[in-house]
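Here the structure comes first, spelled out in C-alpha cells, and everything after it is commentary.
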Amino acid sequence: MRFSSFAAESGGQGPEVRVWGASDVLVVTAPLPGALRVRLLPEARANTLGFPRVGPKRSFALRPDLPAGAPLHVTEAGAELWVSAGGLSLHLNRVTGAWRVVTGHGPADDGAEGRELVSALDWSGEAPAQRPALDAERFNLRRTRLHLDAPDGAMYLGFGERVGPLDKRGMHLTFWNTDCFPHHTETDPLYVSVPFTTVLQGGRAHGVFVDEPWRMEVDVARAHPTELRWASAGPELDVYVLAGPRPADVLRRYADLTGYAPMPPLWALGAAQSRWGYRTAEDLRAVIQGYRDRALPLDSVYVDIDYMDAYKVWTVSRANFPDLRAFVKEAGEQGVKLVPIVDPGVKLEAGYDVYEEAAKGDHLVRTARGDVLVGEVWPDPAVFPDFTRPEVVAWWAGRHKFFADAGIQGQWNDMNEPACFSLRQPRETEGKTLPYDARHGTRTHLEVHNAYANGMSEASRAGYAKFSPQIRPWVLTRAGYAGIQRHATVWTGDNTATWSHLALSLPMIQGLGLSGIPFAAADVGGFAGDTTGELLARWYQAAVGYAFVRNHAALGTTDQEPWRFGDAVTDVIRSALELRYRLLPHLYTLAQGATRTALPVMRPLALHWPADEDAAREDTQYLLGEGLMVAPVLRAGHRRRLVYLPAGRWAAVFNLAQFGPVHAGGQHVVADAPLDTLPMYLRAGTALPVTEAAPHTTSARWARLSWLIHAGPDGFVGQLFEDAGDGHAGGRATRLVGERQGARLTIRRETEGDTGSFEQRETMHVLGLGHVRAAQGAASFAYEDGVLRLTLPARWQTVTLDLEPGDDEDPGDVGTVPAGGA
C-alpha cells in the first residue's frame, strides 16, 4: 500500500489531513470555499528531515493575509479515503496513490458523486542527487511529476504570458522567466510565469494552480494527448483545485488566493509615449510639444536607461536632466507624468551609495561558493539585490524616496527576470540570467528565479506607500510570477513592429487576463524593427481596449510618434486616441471592477460564453465588459473583416460615432473597416458610459457624461465608477437600470458613495425602443432615425418613457451619435 496512515490535525496553515506511507506524503487543506490544496511530496522520506511530518511552505504567490483554512471532514472506507470541505471533495486510493477532486461532499448515501474536476492518474518523484561536483548534471530539471487526465474536448486557458491561441492544448510550455529580445510568434518561455490554467469543458470551468516557483514544464496533451503532465525541478508539487462553474468564478477564487490588483491612477489609462532613445529633458519637451501642437491626447512620457548616470540605478545624469524635480513639475503643468525605467542590476562601484548599502547589508545574490555574484547587464560589472528576502524588499523600497522627492508617481521595472548578459564566475545558466546554483539566502536560483520580479515590484509599491501615501502609484513590470497582480501591471515585453505581433497581442493579453492579471498591454507600434503608418494606425485602434496605451520603440528603429507618417495617419491615430479618452468612464469602471472581481479589462469571449465553441476559440476580437465588442483589423491592406457575435442582439457602433445595423447573435458578420474605422458592437441590454475627448485626464468625476444604450426586450443595465482619479478617497458607484413593462420603460439611477459636489451634464442615446411618445423626468427628448436622445436634469433619479405599443426594434435602424459622446 502506498499510503498506510493518515492524521487529521492542525498544521502551520490551518486544519489539514496528512496521509503518508513508506516514502511519500500527501497533505490536503481547504484554504477557501471552493478551493482544495493538495501538497504532493513524493520521496519525502529522502527529501525532508522531519518525515512523515512536513513543515509549512513559504509562497511568493499567496496573499499574505490569507485566513486559516476550513475544517476538513474525513471518511475512510478500506483503501478509499474521502476528504471534504468548502464544497469540494478529494478521493484518494491509498493503494495506488491516484486521487481526484469532485464537487460536493463525497459520495451520498446512494453512492452518487459530484462532478469530477481533476483526476490525478500518477505522481512521482526522485530523491536528491548525491553528486559532489557542481556541474550541469547536478540539476535534475524534472524531479517531481504529476499526470492529470485531459479529457477530449477540454480547453486549457491561461498559463501566464504565452504565444499561440487562447487554448494551449497541444503545446509544451516552460515556466522560466526569460529575457527575449525580441520574442517571436513561437517563442517559449517568455517573461511571466503563472502556472495556473482555467479548464473549460462542456461550458463549465474549473482551475488548476501549481504554486511552484521552481523551473517547471507542463505538457498540455501534446506528447500524451489525453494527459496534462507537470514536471518540476523541485521536491514537491503544491496543487490548488479551484471550482467554477463559470470562468469568472475560477478567476475570483484564484484572486481570493493570490490577491486582487490595486486600482490604477486615471492618468495611467491615458496615452503614453516612450522610446529607448529619449535621452534628455529637451527630448521629452519636444515630444510633449509634438503631441500638444497636433491636438493629440497625452498623459505620460517614459524615459529609458539613458536618464541614469552611467546606468546606475537610483541616479540621474545631471547633463541630461539638470533638474529632474523641476522637469517633473513642468511636465505636470501640461498634464503629463514622467515614468522612468528601473532595472535591478546595481553597478559594482566603490563609493556608489546603492552598492555600498547593498554590500554592507548583505542584500545581494551570492554564488554557490558564497561570494557576491558579479555579472553584466546595463551596468558592468553588476550585482543583484536578492528580492526573495523581506529585508531586501524593505531596503529597496526605501530607495524610492529618490523618486518621491522628485514628484515621480510611477515607474516601469525592466530586466527583472532577472536579465544578466554575462557572468564573472561562469556557471550553469539557462538563457541570459543567473546560474541555477546562485544563492538567495538558503534557496537556489533554480527555485526562486520565477519569483524574483515579484519582490522587486512589491518593493516599488511599498516605497510609494511610504513616501507618497497620498497617491496611487503606477508600477509596470516586464517579469513576474503568480501573485504579481498585487504589485504591478504587466506589459508583454520586447515585441516587434510586425502585423503578426499586432495580432499576437490580443491572445497574449487575454491569456494574461485569464491568468489572474487583469491589467496588461503590449507596446503599441512594436518595440523592435521599423513600423509603418498603416500598422501604427491599426495598432492604436486595437489598443483602444488595452489596459494602458504606450507607444514604445527601440533604439535605432524608425521614429514612431503618431505624426511621423503624414497627416492622414496622424488623423486616424488622433481619432483612435480620442475614442480611448471617450471610453475612459467605462474603462475606469472596468478597472475598478477588476480590483473586486479579478475580471480583466480586456476580456476574451470565452470568459462570458464558455459553452459557445466559436466564441471560446475567438482571439482576434475582444470584449470591454460583457456588452461591448471590439473587432480591430489585424492584417495589412485589409478594409473589412469577419466578426463573430455571440448570443444576443448586437448593434454596430463603429468608432462609437453612430448606431448602425442590428445583428442577431450566434453568427459571423462582415464589417467594413476603412483605415479610419474600428468595428465595435453594443449588445442589447447594455448601457455604456462615455465622455468627451480631452488633451489629458484630470479627474474621474465626469463633468460631461453620456450613456450609449442598446435597450433589450427587458431593458438594460449599466455601471459607472467615479472618484478623484487618484488617491484613496472613496468614490461613487452608479448603477443605471432600465426596466421595460409593456409600453413603458422606467430608467433609474441608483448610486452608492459620494464624489463631492460637482456639475455634471448627462445625456442618453438609446437604440432599440421604437417610437417614444413621452419622457417624464427628462429635461428634453427627441426621437430620430431609430435613436432616442434624452437630456437629463441635474441630480436626476428616474425617467419614465411611454412607448408606442408593439413597436419593436428595426434591424435596419441607423442613427448618429455625437462625436463628443455627450
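Going by the C-alpha cells order, chains are called A, B, ..., each with residues numbered from 1, while ligands are numbered from 1 in the order shown.
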Go through range 279-503 of chain A and collect every residue that DSSP, computed from the backbone, puts in strand (DSSP E or B); the answer should be as a PyMOL selection string. chain A and resi 300-303+309+312+337-342+346-347+364+366+372+375-376+382-383+385+410-413+422-423+439-440+443-444+474-477+480-481+489-491+496
Those same residues - C-alpha atoms - I'd like them written as an mmCIF file, in the first residue's frame.
data_model
loop_
_atom_site.group_PDB
_atom_site.id
_atom_site.type_symbol
_atom_site.label_atom_id
_atom_site.label_comp_id
_atom_site.auth_asym_id
_atom_site.auth_seq_id
_atom_site.Cartn_x
_atom_site.Cartn_y
_atom_site.Cartn_z
ATOM 1 C CA SER A 300 2.638 60.380 -19.666
ATOM 2 C CA VAL A 301 6.107 60.090 -21.170
ATOM 3 C CA TYR A 302 8.502 57.269 -20.333
ATOM 4 C CA VAL A 303 12.274 57.607 -20.116
ATOM 5 C CA ASP A 309 24.330 58.351 -14.556
ATOM 6 C CA LYS A 312 23.471 53.361 -12.108
ATOM 7 C CA LYS A 337 3.541 62.439 -15.834
ATOM 8 C CA LEU A 338 7.141 61.188 -16.125
ATOM 9 C CA VAL A 339 7.625 57.408 -15.836
ATOM 10 C CA PRO A 340 11.300 56.347 -15.532
ATOM 11 C CA ILE A 341 12.718 52.863 -16.005
ATOM 12 C CA VAL A 342 14.239 50.970 -13.066
ATOM 13 C CA VAL A 346 23.373 47.551 -9.322
ATOM 14 C CA LYS A 347 26.732 48.758 -10.579
ATOM 15 C CA LEU A 364 22.992 40.668 -2.735
ATOM 16 C CA ARG A 366 25.710 35.122 -3.947
ATOM 17 C CA VAL A 372 28.827 38.016 -4.171
ATOM 18 C CA GLY A 375 27.681 39.786 -13.816
ATOM 19 C CA GLU A 376 26.955 42.263 -16.559
ATOM 20 C CA ALA A 382 26.743 44.457 -11.884
ATOM 21 C CA VAL A 383 25.483 42.805 -8.718
ATOM 22 C CA PRO A 385 19.693 42.514 -4.966
ATOM 23 C CA GLY A 410 5.179 55.747 -11.333
ATOM 24 C CA GLN A 411 7.889 53.608 -12.887
ATOM 25 C CA TRP A 412 8.499 50.614 -15.101
ATOM 26 C CA ASN A 413 10.554 47.762 -13.692
ATOM 27 C CA SER A 422 27.352 37.558 -18.794
ATOM 28 C CA LEU A 423 28.891 36.317 -15.529
ATOM 29 C CA ARG A 439 22.205 31.526 -3.646
ATOM 30 C CA HIS A 440 19.227 33.538 -2.395
ATOM 31 C CA ARG A 443 17.491 28.872 -1.573
ATOM 32 C CA THR A 444 18.949 28.314 -5.018
ATOM 33 C CA TRP A 474 1.756 53.217 -11.261
ATOM 34 C CA VAL A 475 4.094 50.207 -11.293
ATOM 35 C CA LEU A 476 4.740 48.415 -14.573
ATOM 36 C CA THR A 477 6.753 45.201 -14.789
ATOM 37 C CA GLY A 480 6.537 38.192 -12.743
ATOM 38 C CA TYR A 481 5.153 35.071 -11.135
ATOM 39 C CA THR A 489 0.738 45.874 -14.208
ATOM 40 C CA VAL A 490 2.346 43.714 -16.903
ATOM 41 C CA TRP A 491 3.381 44.541 -20.425
ATOM 42 C CA THR A 496 8.270 43.644 -32.921
#
What does the distance between CA of Pro33 in chain A and CA of Asp256 in chain A come to in Å, to one decimal place? 9.8 Å
Can you list, as a PDB file with all heavy atoms, in the first residue's frame, every protein, DNA or RNA residue that comes within 7 Å of range 48-63 of chain A when you count only C-alpha atoms, leaving out same-chain residues fewer than 4 positions away?
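File selection14.pdb, as written:
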ATOM      1  N   GLY A  12       0.533  24.169  10.044  1.00  0.00           N
ATOM      2  CA  GLY A  12       1.010  25.548  10.096  1.00  0.00           C
ATOM      3  C   GLY A  12       0.111  26.523   9.377  1.00  0.00           C
ATOM      4  O   GLY A  12       0.179  27.723   9.608  1.00  0.00           O
ATOM      5  N   TRP A  20       0.375   9.390   4.674  1.00  0.00           N
ATOM      6  CA  TRP A  20       1.743   9.001   4.364  1.00  0.00           C
ATOM      7  C   TRP A  20       1.878   7.478   4.301  1.00  0.00           C
ATOM      8  O   TRP A  20       1.033   6.730   4.787  1.00  0.00           O
ATOM      9  CB  TRP A  20       2.731   9.588   5.365  1.00  0.00           C
ATOM     10  CG  TRP A  20       2.644   9.036   6.761  1.00  0.00           C
ATOM     11  CD1 TRP A  20       3.377   8.016   7.281  1.00  0.00           C
ATOM     12  CD2 TRP A  20       1.782   9.482   7.813  1.00  0.00           C
ATOM     13  NE1 TRP A  20       3.037   7.789   8.600  1.00  0.00           N
ATOM     14  CE2 TRP A  20       2.061   8.678   8.951  1.00  0.00           C
ATOM     15  CE3 TRP A  20       0.804  10.467   7.905  1.00  0.00           C
ATOM     16  CZ2 TRP A  20       1.396   8.852  10.149  1.00  0.00           C
ATOM     17  CZ3 TRP A  20       0.137  10.641   9.107  1.00  0.00           C
ATOM     18  CH2 TRP A  20       0.432   9.832  10.214  1.00  0.00           C
ATOM     19  N   VAL A  25       4.310  11.534   0.980  1.00  0.00           N
ATOM     20  CA  VAL A  25       3.355  12.248   1.833  1.00  0.00           C
ATOM     21  C   VAL A  25       2.419  13.052   0.943  1.00  0.00           C
ATOM     22  O   VAL A  25       2.849  13.641  -0.062  1.00  0.00           O
ATOM     23  CB  VAL A  25       4.075  13.190   2.826  1.00  0.00           C
ATOM     24  CG1 VAL A  25       3.058  13.996   3.643  1.00  0.00           C
ATOM     25  CG2 VAL A  25       5.001  12.411   3.747  1.00  0.00           C
ATOM     26  N   ALA A  44       9.365  11.814   0.052  1.00  0.00           N
ATOM     27  CA  ALA A  44       9.527  12.751   1.159  1.00  0.00           C
ATOM     28  C   ALA A  44      10.482  12.231   2.216  1.00  0.00           C
ATOM     29  O   ALA A  44      11.145  13.012   2.905  1.00  0.00           O
ATOM     30  CB  ALA A  44       8.163  13.051   1.779  1.00  0.00           C
ATOM     31  N   LEU A 257      -7.113  33.687  -3.475  1.00  0.00           N
ATOM     32  CA  LEU A 257      -5.880  33.057  -3.007  1.00  0.00           C
ATOM     33  C   LEU A 257      -4.670  33.967  -3.141  1.00  0.00           C
ATOM     34  O   LEU A 257      -3.871  34.101  -2.213  1.00  0.00           O
ATOM     35  CB  LEU A 257      -5.612  31.772  -3.806  1.00  0.00           C
ATOM     36  CG  LEU A 257      -6.371  30.509  -3.443  1.00  0.00           C
ATOM     37  CD1 LEU A 257      -6.063  29.435  -4.470  1.00  0.00           C
ATOM     38  CD2 LEU A 257      -5.982  30.028  -2.048  1.00  0.00           C
ATOM     39  N   THR A 258      -4.514  34.579  -4.304  1.00  0.00           N
ATOM     40  CA  THR A 258      -3.257  35.260  -4.628  1.00  0.00           C
ATOM     41  C   THR A 258      -3.354  36.775  -4.557  1.00  0.00           C
ATOM     42  O   THR A 258      -2.338  37.445  -4.682  1.00  0.00           O
ATOM     43  CB  THR A 258      -2.774  34.852  -6.029  1.00  0.00           C
ATOM     44  OG1 THR A 258      -3.724  35.296  -7.009  1.00  0.00           O
ATOM     45  CG2 THR A 258      -2.619  33.342  -6.131  1.00  0.00           C
ATOM     46  N   GLY A 259      -4.557  37.303  -4.369  1.00  0.00           N
ATOM     47  CA  GLY A 259      -4.707  38.739  -4.207  1.00  0.00           C
ATOM     48  C   GLY A 259      -5.303  39.413  -5.430  1.00  0.00           C
ATOM     49  O   GLY A 259      -5.182  38.933  -6.563  1.00  0.00           O
ATOM     50  N   ALA A 451      10.125  33.929  -9.245  1.00  0.00           N
ATOM     51  CA  ALA A 451       9.517  34.841  -8.276  1.00  0.00           C
ATOM     52  C   ALA A 451      10.346  36.103  -8.060  1.00  0.00           C
ATOM     53  O   ALA A 451       9.919  36.989  -7.305  1.00  0.00           O
ATOM     54  CB  ALA A 451       9.323  34.127  -6.940  1.00  0.00           C
ATOM     55  N   ALA A 482       3.050  34.137 -10.353  1.00  0.00           N
ATOM     56  CA  ALA A 482       1.708  34.181  -9.772  1.00  0.00           C
ATOM     57  C   ALA A 482       1.684  35.140  -8.582  1.00  0.00           C
ATOM     58  O   ALA A 482       2.587  35.152  -7.761  1.00  0.00           O
ATOM     59  CB  ALA A 482       1.298  32.776  -9.333  1.00  0.00           C
ATOM     60  N   GLY A 483       0.661  35.956  -8.510  1.00  0.00           N
ATOM     61  CA  GLY A 483       0.545  36.962  -7.464  1.00  0.00           C
ATOM     62  C   GLY A 483       1.099  38.315  -7.859  1.00  0.00           C
ATOM     63  O   GLY A 483       0.944  39.281  -7.116  1.00  0.00           O
TER      64      GLY A 483
END
One number please: CA of Ala233 in chain A to CA of Ala7 in chain A, in Å, one decimal.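 Computed distance, CA of Ala233 in chain A to CA of Ala7 in chain A, equals 28.4 Å.
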Got a sec: who's within 9 Å of Glu759 in chain A, counting only C-alpha atoms, leaving out chain neighbours fewer than 5 positions off, as a PyMOL selection string? chain A and resi 702-704+794
Residues just named, written with C-alpha atoms as a short mmCIF file (atom, residue, chain, number, x, y, z; two decimals), in the first residue's frame:
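So the final result, stored in again32.cif, reads:
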data_model
loop_
_atom_site.label_atom_id
_atom_site.label_comp_id
_atom_site.auth_asym_id
_atom_site.auth_seq_id
_atom_site.Cartn_x
_atom_site.Cartn_y
_atom_site.Cartn_z
CA TRP A 702 -17.02 63.24 -15.46
CA ALA A 703 -18.40 66.75 -16.00
CA ARG A 704 -19.96 65.66 -19.31
CA ALA A 794 -29.04 67.70 -12.66
#
Let's see if you can do this: from backbone DSSP, list all helix (DSSP H, G or I) residues in range 279-481 of chain A, as a CSV table (one decimal) with N, CA and C atoms, in the first residue's frame.
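Below is the file that was written, states37.csv:
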chain,number,residue,atom,x,y,z
A,281,ALA,N,16.0,65.9,-21.1
A,281,ALA,CA,14.8,66.6,-20.8
A,281,ALA,C,14.3,67.4,-22.0
A,282,GLU,N,15.2,67.9,-22.9
A,282,GLU,CA,14.8,68.5,-24.1
A,282,GLU,C,14.1,67.6,-25.0
A,283,ASP,N,14.6,66.3,-25.1
A,283,ASP,CA,13.9,65.4,-26.0
A,283,ASP,C,12.5,65.2,-25.5
A,284,LEU,N,12.2,65.1,-24.2
A,284,LEU,CA,10.9,64.9,-23.7
A,284,LEU,C,10.0,66.1,-23.9
A,285,ARG,N,10.6,67.3,-23.8
A,285,ARG,CA,9.9,68.5,-24.0
A,285,ARG,C,9.4,68.6,-25.5
A,286,ALA,N,10.2,68.1,-26.4
A,286,ALA,CA,9.9,68.1,-27.8
A,286,ALA,C,8.7,67.1,-28.1
A,287,VAL,N,8.8,66.0,-27.4
A,287,VAL,CA,7.7,65.0,-27.6
A,287,VAL,C,6.4,65.6,-27.0
A,288,ILE,N,6.4,66.1,-25.9
A,288,ILE,CA,5.2,66.7,-25.3
A,288,ILE,C,4.6,67.8,-26.2
A,289,GLN,N,5.5,68.7,-26.7
A,289,GLN,CA,5.1,69.7,-27.6
A,289,GLN,C,4.5,69.2,-28.9
A,290,GLY,N,5.1,68.1,-29.4
A,290,GLY,CA,4.6,67.5,-30.6
A,290,GLY,C,3.2,67.0,-30.4
A,291,TYR,N,2.9,66.4,-29.3
A,291,TYR,CA,1.5,66.0,-29.0
A,291,TYR,C,0.6,67.2,-28.9
A,292,ARG,N,1.0,68.2,-28.2
A,292,ARG,CA,0.1,69.3,-27.9
A,292,ARG,C,-0.1,70.1,-29.2
A,293,ASP,N,0.9,70.3,-30.0
A,293,ASP,CA,0.7,71.0,-31.3
A,293,ASP,C,-0.3,70.4,-32.2
A,305,ILE,N,16.9,53.9,-20.0
A,305,ILE,CA,18.1,53.9,-19.2
A,305,ILE,C,19.0,55.1,-19.3
A,306,ASP,N,18.9,55.9,-20.4
A,306,ASP,CA,19.8,56.9,-20.6
A,306,ASP,C,19.7,58.1,-19.6
A,307,TYR,N,18.6,58.1,-18.9
A,307,TYR,CA,18.4,59.2,-17.9
A,307,TYR,C,19.4,59.0,-16.7
A,324,LEU,N,15.8,67.4,-12.3
A,324,LEU,CA,14.7,66.4,-12.5
A,324,LEU,C,13.4,66.8,-11.9
A,325,ARG,N,13.5,67.3,-10.7
A,325,ARG,CA,12.3,67.7,-10.0
A,325,ARG,C,11.6,68.9,-10.8
A,326,ALA,N,12.3,69.8,-11.2
A,326,ALA,CA,11.8,70.9,-12.0
A,326,ALA,C,11.1,70.5,-13.3
A,327,PHE,N,11.8,69.5,-13.9
A,327,PHE,CA,11.2,69.0,-15.2
A,327,PHE,C,9.9,68.2,-14.9
A,328,VAL,N,9.8,67.4,-13.8
A,328,VAL,CA,8.6,66.7,-13.5
A,328,VAL,C,7.5,67.7,-13.2
A,329,LYS,N,7.8,68.8,-12.5
A,329,LYS,CA,6.8,69.8,-12.3
A,329,LYS,C,6.3,70.5,-13.5
A,330,GLU,N,7.3,70.8,-14.4
A,330,GLU,CA,6.9,71.5,-15.7
A,330,GLU,C,6.0,70.6,-16.5
A,331,ALA,N,6.4,69.3,-16.7
A,331,ALA,CA,5.5,68.4,-17.4
A,331,ALA,C,4.2,68.2,-16.8
A,332,GLY,N,4.1,68.2,-15.5
A,332,GLY,CA,2.9,68.0,-14.8
A,332,GLY,C,1.9,69.2,-15.0
A,333,GLU,N,2.5,70.4,-15.2
A,333,GLU,CA,1.6,71.5,-15.5
A,333,GLU,C,1.0,71.4,-16.9
A,353,ASP,N,26.6,54.8,-3.5
A,353,ASP,CA,25.9,54.5,-2.2
A,353,ASP,C,25.0,53.3,-2.3
A,354,VAL,N,24.4,53.1,-3.5
A,354,VAL,CA,23.4,52.0,-3.6
A,354,VAL,C,24.2,50.7,-3.4
A,355,TYR,N,25.4,50.6,-4.1
A,355,TYR,CA,26.2,49.4,-4.0
A,355,TYR,C,26.7,49.2,-2.6
A,356,GLU,N,27.2,50.3,-2.0
A,356,GLU,CA,27.8,50.2,-0.7
A,356,GLU,C,26.8,49.8,0.4
A,357,GLU,N,25.5,50.3,0.3
A,357,GLU,CA,24.5,49.9,1.2
A,357,GLU,C,24.1,48.4,1.0
A,358,ALA,N,24.0,48.0,-0.3
A,358,ALA,CA,23.7,46.6,-0.6
A,358,ALA,C,24.7,45.6,0.0
A,359,ALA,N,26.0,46.0,-0.2
A,359,ALA,CA,27.1,45.1,0.2
A,359,ALA,C,27.1,45.1,1.8
A,360,LYS,N,27.0,46.2,2.4
A,360,LYS,CA,27.1,46.3,3.8
A,360,LYS,C,25.9,45.5,4.5
A,390,PRO,N,12.6,39.4,2.6
A,390,PRO,CA,11.8,40.6,3.0
A,390,PRO,C,12.7,41.8,3.4
A,391,GLU,N,13.8,41.5,4.0
A,391,GLU,CA,14.7,42.7,4.4
A,391,GLU,C,15.2,43.4,3.2
A,392,VAL,N,15.5,42.7,2.1
A,392,VAL,CA,16.0,43.3,0.9
A,392,VAL,C,14.8,44.1,0.2
A,393,VAL,N,13.6,43.5,0.2
A,393,VAL,CA,12.5,44.3,-0.3
A,393,VAL,C,12.3,45.6,0.4
A,394,ALA,N,12.4,45.5,1.7
A,394,ALA,CA,12.3,46.8,2.5
A,394,ALA,C,13.4,47.8,2.2
A,395,TRP,N,14.6,47.3,2.0
A,395,TRP,CA,15.7,48.2,1.7
A,395,TRP,C,15.5,48.9,0.3
A,396,TRP,N,15.1,48.1,-0.7
A,396,TRP,CA,14.8,48.6,-2.0
A,396,TRP,C,13.6,49.6,-2.0
A,397,ALA,N,12.6,49.3,-1.2
A,397,ALA,CA,11.5,50.2,-1.0
A,397,ALA,C,12.0,51.6,-0.5
A,398,GLY,N,13.0,51.6,0.4
A,398,GLY,CA,13.5,52.8,0.9
A,398,GLY,C,14.2,53.7,-0.1
A,401,LYS,N,12.5,56.9,-2.1
A,401,LYS,CA,12.4,58.3,-1.7
A,401,LYS,C,13.0,59.2,-2.8
A,402,PHE,N,14.0,58.7,-3.5
A,402,PHE,CA,14.6,59.4,-4.6
A,402,PHE,C,13.6,59.9,-5.6
A,403,PHE,N,12.7,59.0,-6.0
A,403,PHE,CA,11.6,59.4,-6.9
A,403,PHE,C,10.5,60.2,-6.3
A,404,ALA,N,10.2,59.9,-5.0
A,404,ALA,CA,9.1,60.6,-4.4
A,404,ALA,C,9.5,62.1,-4.2
A,405,ASP,N,10.8,62.3,-3.8
A,405,ASP,CA,11.3,63.7,-3.7
A,405,ASP,C,11.2,64.5,-5.0
A,406,ALA,N,11.3,63.8,-6.1
A,406,ALA,CA,11.3,64.4,-7.4
A,406,ALA,C,9.9,64.6,-7.9
A,445,HIS,N,18.9,29.7,-7.0
A,445,HIS,CA,18.2,30.4,-8.0
A,445,HIS,C,17.2,29.5,-8.8
A,446,LEU,N,17.5,28.3,-9.0
A,446,LEU,CA,16.7,27.3,-9.7
A,446,LEU,C,15.3,27.3,-9.0
A,447,GLU,N,15.2,27.5,-7.7
A,447,GLU,CA,13.9,27.5,-7.0
A,447,GLU,C,13.2,28.8,-7.1
A,448,VAL,N,13.9,30.0,-7.0
A,448,VAL,CA,13.2,31.2,-6.9
A,448,VAL,C,13.2,32.1,-8.1
A,449,HIS,N,13.9,31.7,-9.2
A,449,HIS,CA,14.1,32.5,-10.3
A,449,HIS,C,12.8,33.2,-10.8
A,450,ASN,N,11.7,32.4,-10.9
A,450,ASN,CA,10.5,33.0,-11.5
A,450,ASN,C,9.8,34.0,-10.5
A,451,ALA,N,10.1,33.9,-9.2
A,451,ALA,CA,9.5,34.8,-8.3
A,451,ALA,C,10.3,36.1,-8.1
A,452,TYR,N,11.5,36.2,-8.7
A,452,TYR,CA,12.4,37.3,-8.4
A,452,TYR,C,11.7,38.7,-8.7
A,453,ALA,N,11.0,38.8,-9.8
A,453,ALA,CA,10.4,40.1,-10.1
A,453,ALA,C,9.3,40.5,-9.1
A,454,ASN,N,8.6,39.5,-8.5
A,454,ASN,CA,7.5,39.9,-7.6
A,454,ASN,C,8.0,40.7,-6.4
A,455,GLY,N,9.2,40.4,-5.9
A,455,GLY,CA,9.8,41.1,-4.8
A,455,GLY,C,10.2,42.5,-5.2
A,456,MET,N,10.7,42.7,-6.4
A,456,MET,CA,11.1,44.0,-6.9
A,456,MET,C,9.9,44.9,-7.0
A,457,SER,N,8.8,44.4,-7.6
A,457,SER,CA,7.6,45.3,-7.7
A,457,SER,C,6.9,45.5,-6.4
A,458,GLU,N,6.9,44.5,-5.5
A,458,GLU,CA,6.4,44.7,-4.1
A,458,GLU,C,7.1,45.8,-3.4
A,459,ALA,N,8.5,45.9,-3.6
A,459,ALA,CA,9.2,47.0,-3.0
A,459,ALA,C,8.8,48.3,-3.6
A,460,SER,N,8.6,48.3,-4.9
A,460,SER,CA,8.1,49.6,-5.5
A,460,SER,C,6.8,50.1,-4.9
A,461,ARG,N,5.9,49.2,-4.8
A,461,ARG,CA,4.6,49.7,-4.3
A,461,ARG,C,4.8,50.1,-2.8
A,462,ALA,N,5.6,49.3,-2.0
A,462,ALA,CA,5.8,49.7,-0.6
A,462,ALA,C,6.5,51.0,-0.5
A,463,GLY,N,7.4,51.3,-1.4
A,463,GLY,CA,8.2,52.6,-1.4
A,463,GLY,C,7.3,53.8,-1.6
A,464,TYR,N,6.4,53.7,-2.6
A,464,TYR,CA,5.4,54.8,-2.8
A,464,TYR,C,4.5,54.9,-1.6
A,465,ALA,N,4.0,53.8,-1.1
A,465,ALA,CA,3.1,53.8,0.1
A,465,ALA,C,3.8,54.6,1.2
A,466,LYS,N,5.1,54.4,1.4
A,466,LYS,CA,5.8,55.1,2.5
A,466,LYS,C,6.1,56.5,2.2
A,467,PHE,N,6.5,56.9,1.0
A,467,PHE,CA,7.0,58.2,0.7
A,467,PHE,C,6.0,59.1,0.0
What lies within 8 Å of Asp614 in chain A using only C-alpha atoms, ignoring chain neighbours under 3 positions off, as an mmCIF file with N, CA, C and O atoms, in the first residue's frame?
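Dumped everything to selection.cif:
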data_model
loop_
_atom_site.group_PDB
_atom_site.id
_atom_site.type_symbol
_atom_site.label_atom_id
_atom_site.label_comp_id
_atom_site.auth_asym_id
_atom_site.auth_seq_id
_atom_site.Cartn_x
_atom_site.Cartn_y
_atom_site.Cartn_z
ATOM 1 N N ARG A 617 -13.102 30.067 -28.804
ATOM 2 C CA ARG A 617 -11.846 29.981 -29.544
ATOM 3 C C ARG A 617 -11.510 31.271 -30.297
ATOM 4 O O ARG A 617 -10.491 31.348 -30.974
ATOM 5 N N GLU A 618 -12.339 32.287 -30.173
ATOM 6 C CA GLU A 618 -12.112 33.538 -30.898
ATOM 7 C C GLU A 618 -11.100 34.410 -30.155
ATOM 8 O O GLU A 618 -11.312 34.756 -28.991
ATOM 9 N N TYR A 644 -17.297 37.600 -35.185
ATOM 10 C CA TYR A 644 -18.247 36.658 -34.585
ATOM 11 C C TYR A 644 -19.012 37.356 -33.475
ATOM 12 O O TYR A 644 -18.421 37.986 -32.587
#
Contact residues around Pro235 in chain A with only C-alpha atoms at 7 Å, ignoring same-chain residues under 3 positions, as an MDAnalysis selection string: chainID A and resid 41 47 143:144
Give the answer as one residue: which of A:Leu708, A:Leu502, A:Ala231, A:Val737 has the shortest atom-to-atom distance to Leu790 in chain A, using only C-alpha atoms?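 Answer, going by the shortest atom-to-atom distance: A:Leu708.
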Distance in Å - CA of Thr620 in chain A versus CA of Ala576 in chain A: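 Calculated distance between CA of Thr620 in chain A and CA of Ala576 in chain A is 18.1 Å.
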With only C-alpha atoms counted and 12 Å as the cut-off, give the residues of range 601-677 of chain A in contact with range 164-170 of chain A, each with its shortest interatomic distance in Å and the pair that gives it, as CSV.
residue,atom,partner,partner_atom,distance
A:Arg603,CA,A:Leu166,CA,11.6
A:Pro604,CA,A:Leu166,CA,8.6
A:Leu605,CA,A:Leu166,CA,10.4
A:Ala606,CA,A:Leu166,CA,9.0
A:Leu607,CA,A:Leu166,CA,11.2
A:Pro610,CA,A:Asp167,CA,11.9
A:Glu613,CA,A:Asp167,CA,11.2
A:Ala615,CA,A:Leu166,CA,11.2
A:Ala616,CA,A:Leu166,CA,8.4
A:Arg617,CA,A:Leu166,CA,6.7
A:Glu618,CA,A:Leu166,CA,8.0
A:Asp619,CA,A:Leu166,CA,6.7
A:Thr620,CA,A:Pro165,CA,9.7
A:Gln621,CA,A:Leu166,CA,11.9
A:Tyr622,CA,A:Leu166,CA,12.0
Quick one: everything within 7 Å of Gln541 in chain A, counting only C-alpha atoms, minus sequence neighbours fewer than 2 positions away in the same chain. Send it as a list in words.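 Result of the neighbour search: Ala537, Arg538, Trp539, Ala543, Val544, Ala576, Pro632 and Leu678 of chain A.
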